[in-house]
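K.L.:
This structure is in structure tokens; I'll ask about it shortly.
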Amino acid sequence: ALFVETYREEKCHDKRSKICWFSSLCSAEAYDPLDPTGNITIKWDIMQWTPDGYVAVVSIYNYQKYRHIQAPGWHLGWVWAKKEIIWTMVGGQATEQGDCSQFKGNIPHCCKKDPTIVDLVPGTPYNMQIANCCKGGVLSSWIQDPVNAVASFQVSVGRSGTTNYTVKAPLNFTLRAPGSGYTCGVAQKVKPPTRFISLDGRRTTQAHVTWNVTCTYSQFVAQRAPTCCVSLSSFYNETIVNCPKCSCGCDNNITRPGSCVEGNSPYLASIVNGPGKSSLAPLVQCTPHMCPIRVHWHVKLNYREYWRVKMTVTNWNYRTNYSQWNLVVQHPNFDKITTIFSFNYKALNTYGEINDTGMLWGIKYYNDLLMVAGPEGNVQSELLFRKDPSTFTFEKGWAFPRRIYFNGDNCVMPPPDAYPWLPNSSRVLKVSSFLQLIAMWTTLLFFRLHM
């Protein structure tokens, strides 16, 4: 599917900005052609009834192939359908208690009509933990680490119904992970409810009631502009195709002071770490593209049966370390990839048997952390592809990727007519063959004269 992207100056769902990132798929903004079924599912399982309510286990499943939730983690919110309160929580906590002044004895954990829940941090005491909790809100993508793609917490709800017929599902679920971008649907009752199997596999229990909520991601809702761009180069052309100018915004310190910072600024440390500086607000190095992330694809070598590519990911953001980063690259030769030298790799067969998309991510404890802008703010690897004689060519930009995602966000590609094209090599090849022929005949003539 073609994915044509342009800027348009007009109002959109993000009312804070007049610049929106549009595409030919605007009618289905949350649809990702490389992960069409990806979503985050919230499962609300009522495990037991109490005198004035119930105890539930709430689980968050990240079913997205390559989009993960990084620090400072997820925030889950909802609105109670009646006058419910939260008596206690295990594995998570409400960010605000609210007004609980009407309670004289046992004080609830949260009395807000619209609570917001966050995960507990690693190292939480065991008596406050349940399974899959306490990761600081960080969730891995499903392909990178499915074990850590689930989060759970337990909540004891009061002043609600105490039967399947009187209990009401919460309304208006919201998921910030950590910023906006996710839109959640209505809670749906699941039949039959969730079943649980004991560790020894000999006993099965089930929830009294199960509700499912599905949340989908839209890059257009998440931010006003793209977050990454792609540059290109090759061994056969001296041209380096940089990221398109203003790919992620424009450097304009006159109208937007502090929108970027020079890498050699003597005040860099104070600007980055000054009081009140939010780690969520990117502070990028002043560049023509103004992107926090740049991905560079370099066609490095050409062998008889193989060809080699070097990929470099550079972090231009002075405020963010990208943990568990990943790339998704679409190129027709991924069906013949043989070696990835310092990244993990997984084929994404989005279209059945067609294997033209690969997912790349860092090796744990080696290069899975992409450091902030500076000398160490990059990771790189090389890819070795085997040639398919029926399709391989260096002509017309074939050796460059069709699209690249970083952490699930679609990166801005250079326009196709700017790619480093293969020079007109027919004359060079003919001259080279002619010289080889002369050398061969000269050698034969030399031996004939001296025998």
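By convention in this document, the chains of the structure tokens carry letters A, B, ... by their order, each chain's residues are numbered from 1, and ligands are numbered from 1 in the order they are shown.
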Pull the helix (DSSP H, G or I) assignments for stretch 223-328 of chain A out of DSSP run on the backbone, and list those residues as a list of chain:residue names.

P.N.:
A:Leu268, A:Ala269, A:Ser270, A:Ile271, A:Val272, A:Asn273

K.L.:
Given the choices A:Gln64, A:Pro244, A:Cys228, A:Gln206, which gets closest to A:Asp145 if the distance is worked out from only C-alpha atoms?

P.N.:
A:Gln64

K.L.:
Pick from A:Trp211, A:Trp87, A:Tyr351, A:Trp361: nearest to A:Arg159, with only C-alpha atoms counted?

P.N.:
A:Trp87

K.L.:
Got a sec: who's within 8 Å of A:Met89, counting only C-alpha atoms, leaving out chain neighbours fewer than 6 positions off, as a PDB file with N, CA, C and O atoms, in the first residue's frame?

P.N.:
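Contents of selection12.pdb, as written:
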```pdb
ATOM      1  N   HIS A 109      -8.326   4.310  49.264  1.00  0.00           N
ATOM      2  CA  HIS A 109      -7.114   4.657  48.516  1.00  0.00           C
ATOM      3  C   HIS A 109      -7.385   5.821  47.573  1.00  0.00           C
ATOM      4  O   HIS A 109      -6.528   6.695  47.387  1.00  0.00           O
ATOM      5  N   PHE A 153      -2.440  -4.932  37.670  1.00  0.00           N
ATOM      6  CA  PHE A 153      -2.608  -4.446  39.044  1.00  0.00           C
ATOM      7  C   PHE A 153      -3.950  -4.944  39.576  1.00  0.00           C
ATOM      8  O   PHE A 153      -4.844  -5.328  38.804  1.00  0.00           O
ATOM      9  N   GLN A 154      -4.081  -4.959  40.898  1.00  0.00           N
ATOM     10  CA  GLN A 154      -5.308  -5.429  41.549  1.00  0.00           C
ATOM     11  C   GLN A 154      -5.972  -4.247  42.236  1.00  0.00           C
ATOM     12  O   GLN A 154      -5.308  -3.428  42.870  1.00  0.00           O
ATOM     13  N   VAL A 155      -7.284  -4.160  42.087  1.00  0.00           N
ATOM     14  CA  VAL A 155      -8.026  -3.046  42.662  1.00  0.00           C
ATOM     15  C   VAL A 155      -9.257  -3.571  43.393  1.00  0.00           C
ATOM     16  O   VAL A 155      -9.968  -4.455  42.899  1.00  0.00           O
ATOM     17  N   SER A 156      -9.474  -3.069  44.635  1.00  0.00           N
ATOM     18  CA  SER A 156     -10.657  -3.411  45.427  1.00  0.00           C
ATOM     19  C   SER A 156     -11.625  -2.241  45.346  1.00  0.00           C
ATOM     20  O   SER A 156     -11.321  -1.131  45.822  1.00  0.00           O
TER      21      SER A 156
END
```

K.L.:
Would you give me, as a PyMOL selection string, the residues in stretch 34-116 of chain A that DSSP reads as strand (DSSP E)?

P.N.:
chain A and resi 40-50+53-62+75-79+85-90+92-94+116

K.L.:
Point out the residue among A:Leu369, A:Ile69, A:Ile46, A:Ile85 with the least atom-to-atom distance to A:Tyr322, counting only C-alpha atoms.

P.N.:
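Checking each candidate against A:Tyr322, we get A:Leu369 as the closest.
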
K.L.:
Tell me, as a list in words, which residues lie within 8 Å of A:Val150, counting only C-alpha atoms; anything in the same chain fewer than 3 positions away does not count.

P.N.:
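Here the answer would be Ser59, Ile60, Tyr61, Asn62, Asn132, Leu139, Pro146 and Val147 of chain A.
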
K.L.:
Which neighbours of A:Tyr419 fall inside 8 Å, counting only C-alpha atoms, when residues of the same chain fewer than 5 positions from it are skipped, and could you give them as a PyMOL selection string?

P.N.:
chain A and resi 232+241+396-397+414

K.L.:
Using the selection just defined, write its residues with N, CA, C and O atoms as a PDB file, in the first residue's frame.

P.N.:
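Resulting contents of out.pdb:
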```
ATOM      1  N   LEU A 232      20.326   9.183   3.090  1.00  0.00           N
ATOM      2  CA  LEU A 232      20.792   8.098   2.225  1.00  0.00           C
ATOM      3  C   LEU A 232      22.153   8.427   1.626  1.00  0.00           C
ATOM      4  O   LEU A 232      22.469   9.593   1.374  1.00  0.00           O
ATOM      5  N   VAL A 241      22.320  12.228   0.419  1.00  0.00           N
ATOM      6  CA  VAL A 241      20.970  12.790   0.458  1.00  0.00           C
ATOM      7  C   VAL A 241      20.571  12.963   1.916  1.00  0.00           C
ATOM      8  O   VAL A 241      20.327  11.979   2.627  1.00  0.00           O
ATOM      9  N   LYS A 396      17.910   3.306 -10.255  1.00  0.00           N
ATOM     10  CA  LYS A 396      16.659   3.983  -9.894  1.00  0.00           C
ATOM     11  C   LYS A 396      16.311   3.874  -8.418  1.00  0.00           C
ATOM     12  O   LYS A 396      15.140   3.778  -8.042  1.00  0.00           O
ATOM     13  N   GLY A 397      17.356   3.842  -7.554  1.00  0.00           N
ATOM     14  CA  GLY A 397      17.122   3.863  -6.112  1.00  0.00           C
ATOM     15  C   GLY A 397      16.597   2.578  -5.529  1.00  0.00           C
ATOM     16  O   GLY A 397      16.104   2.561  -4.385  1.00  0.00           O
ATOM     17  N   PRO A 414      13.417  10.953   2.085  1.00  0.00           N
ATOM     18  CA  PRO A 414      13.694  11.926   1.023  1.00  0.00           C
ATOM     19  C   PRO A 414      12.805  11.642  -0.182  1.00  0.00           C
ATOM     20  O   PRO A 414      12.350  10.509  -0.387  1.00  0.00           O
TER      21      PRO A 414
END
```

K.L.:
Pick out the residues sitting within 7 Å of A:Asn344, and hand them over as a compact mmCIF listing (two decimals) with C-alpha atoms, in the first residue's frame; count only C-alpha atoms, and ignore anything fewer than 5 positions along from it in its own chain.

P.N.:
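The result, written out as around.txt:
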```txt
# COMPACT_ATOMS: atom_id res chain seq x y z
CA LEU A 360 15.61 -4.55 14.01
CA TRP A 361 16.42 -3.79 17.63
CA GLY A 362 19.39 -3.57 19.96
CA ILE A 363 21.13 -6.42 21.76
```

K.L.:
With distances taken over only C-alpha atoms, which of A:Tyr318, A:Trp398, A:Tyr405, A:Trp44 is nearest to A:His331?

P.N.:
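Smallest separation from A:His331 among the options: A:Trp398.
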
K.L.:
Could you tell me which of A:Gly181, A:Val138, A:Ala373, A:His298 comes closest to A:Thr239 if we count only C-alpha atoms?

P.N.:
A:His298

K.L.:
From the set A:Lys83, A:His289, A:Arg195, A:Lys245, which residue has the shortest atom-to-atom contact distance to A:Asp45, counting only C-alpha atoms?

P.N.:
A:Arg195

K.L.:
Please identify all polymer residues within 9 Å of A:Pro226, counting only C-alpha atoms, omitting same-chain residues fewer than 6 positions from it, and present them as a list of chain:residue names.

P.N.:
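Selected residues are A:Trp21, A:Gln219, A:Phe220, A:Ser247, A:Cys248, A:Gly249, A:Cys291, A:Asp409, A:Asn410, A:Cys411, A:Val412.
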
K.L.:
Which distance in Å separates atom CA of A:Arg319 and atom CA of A:Val121, to one decimal?

P.N.:
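It comes out at 21.0 Å.
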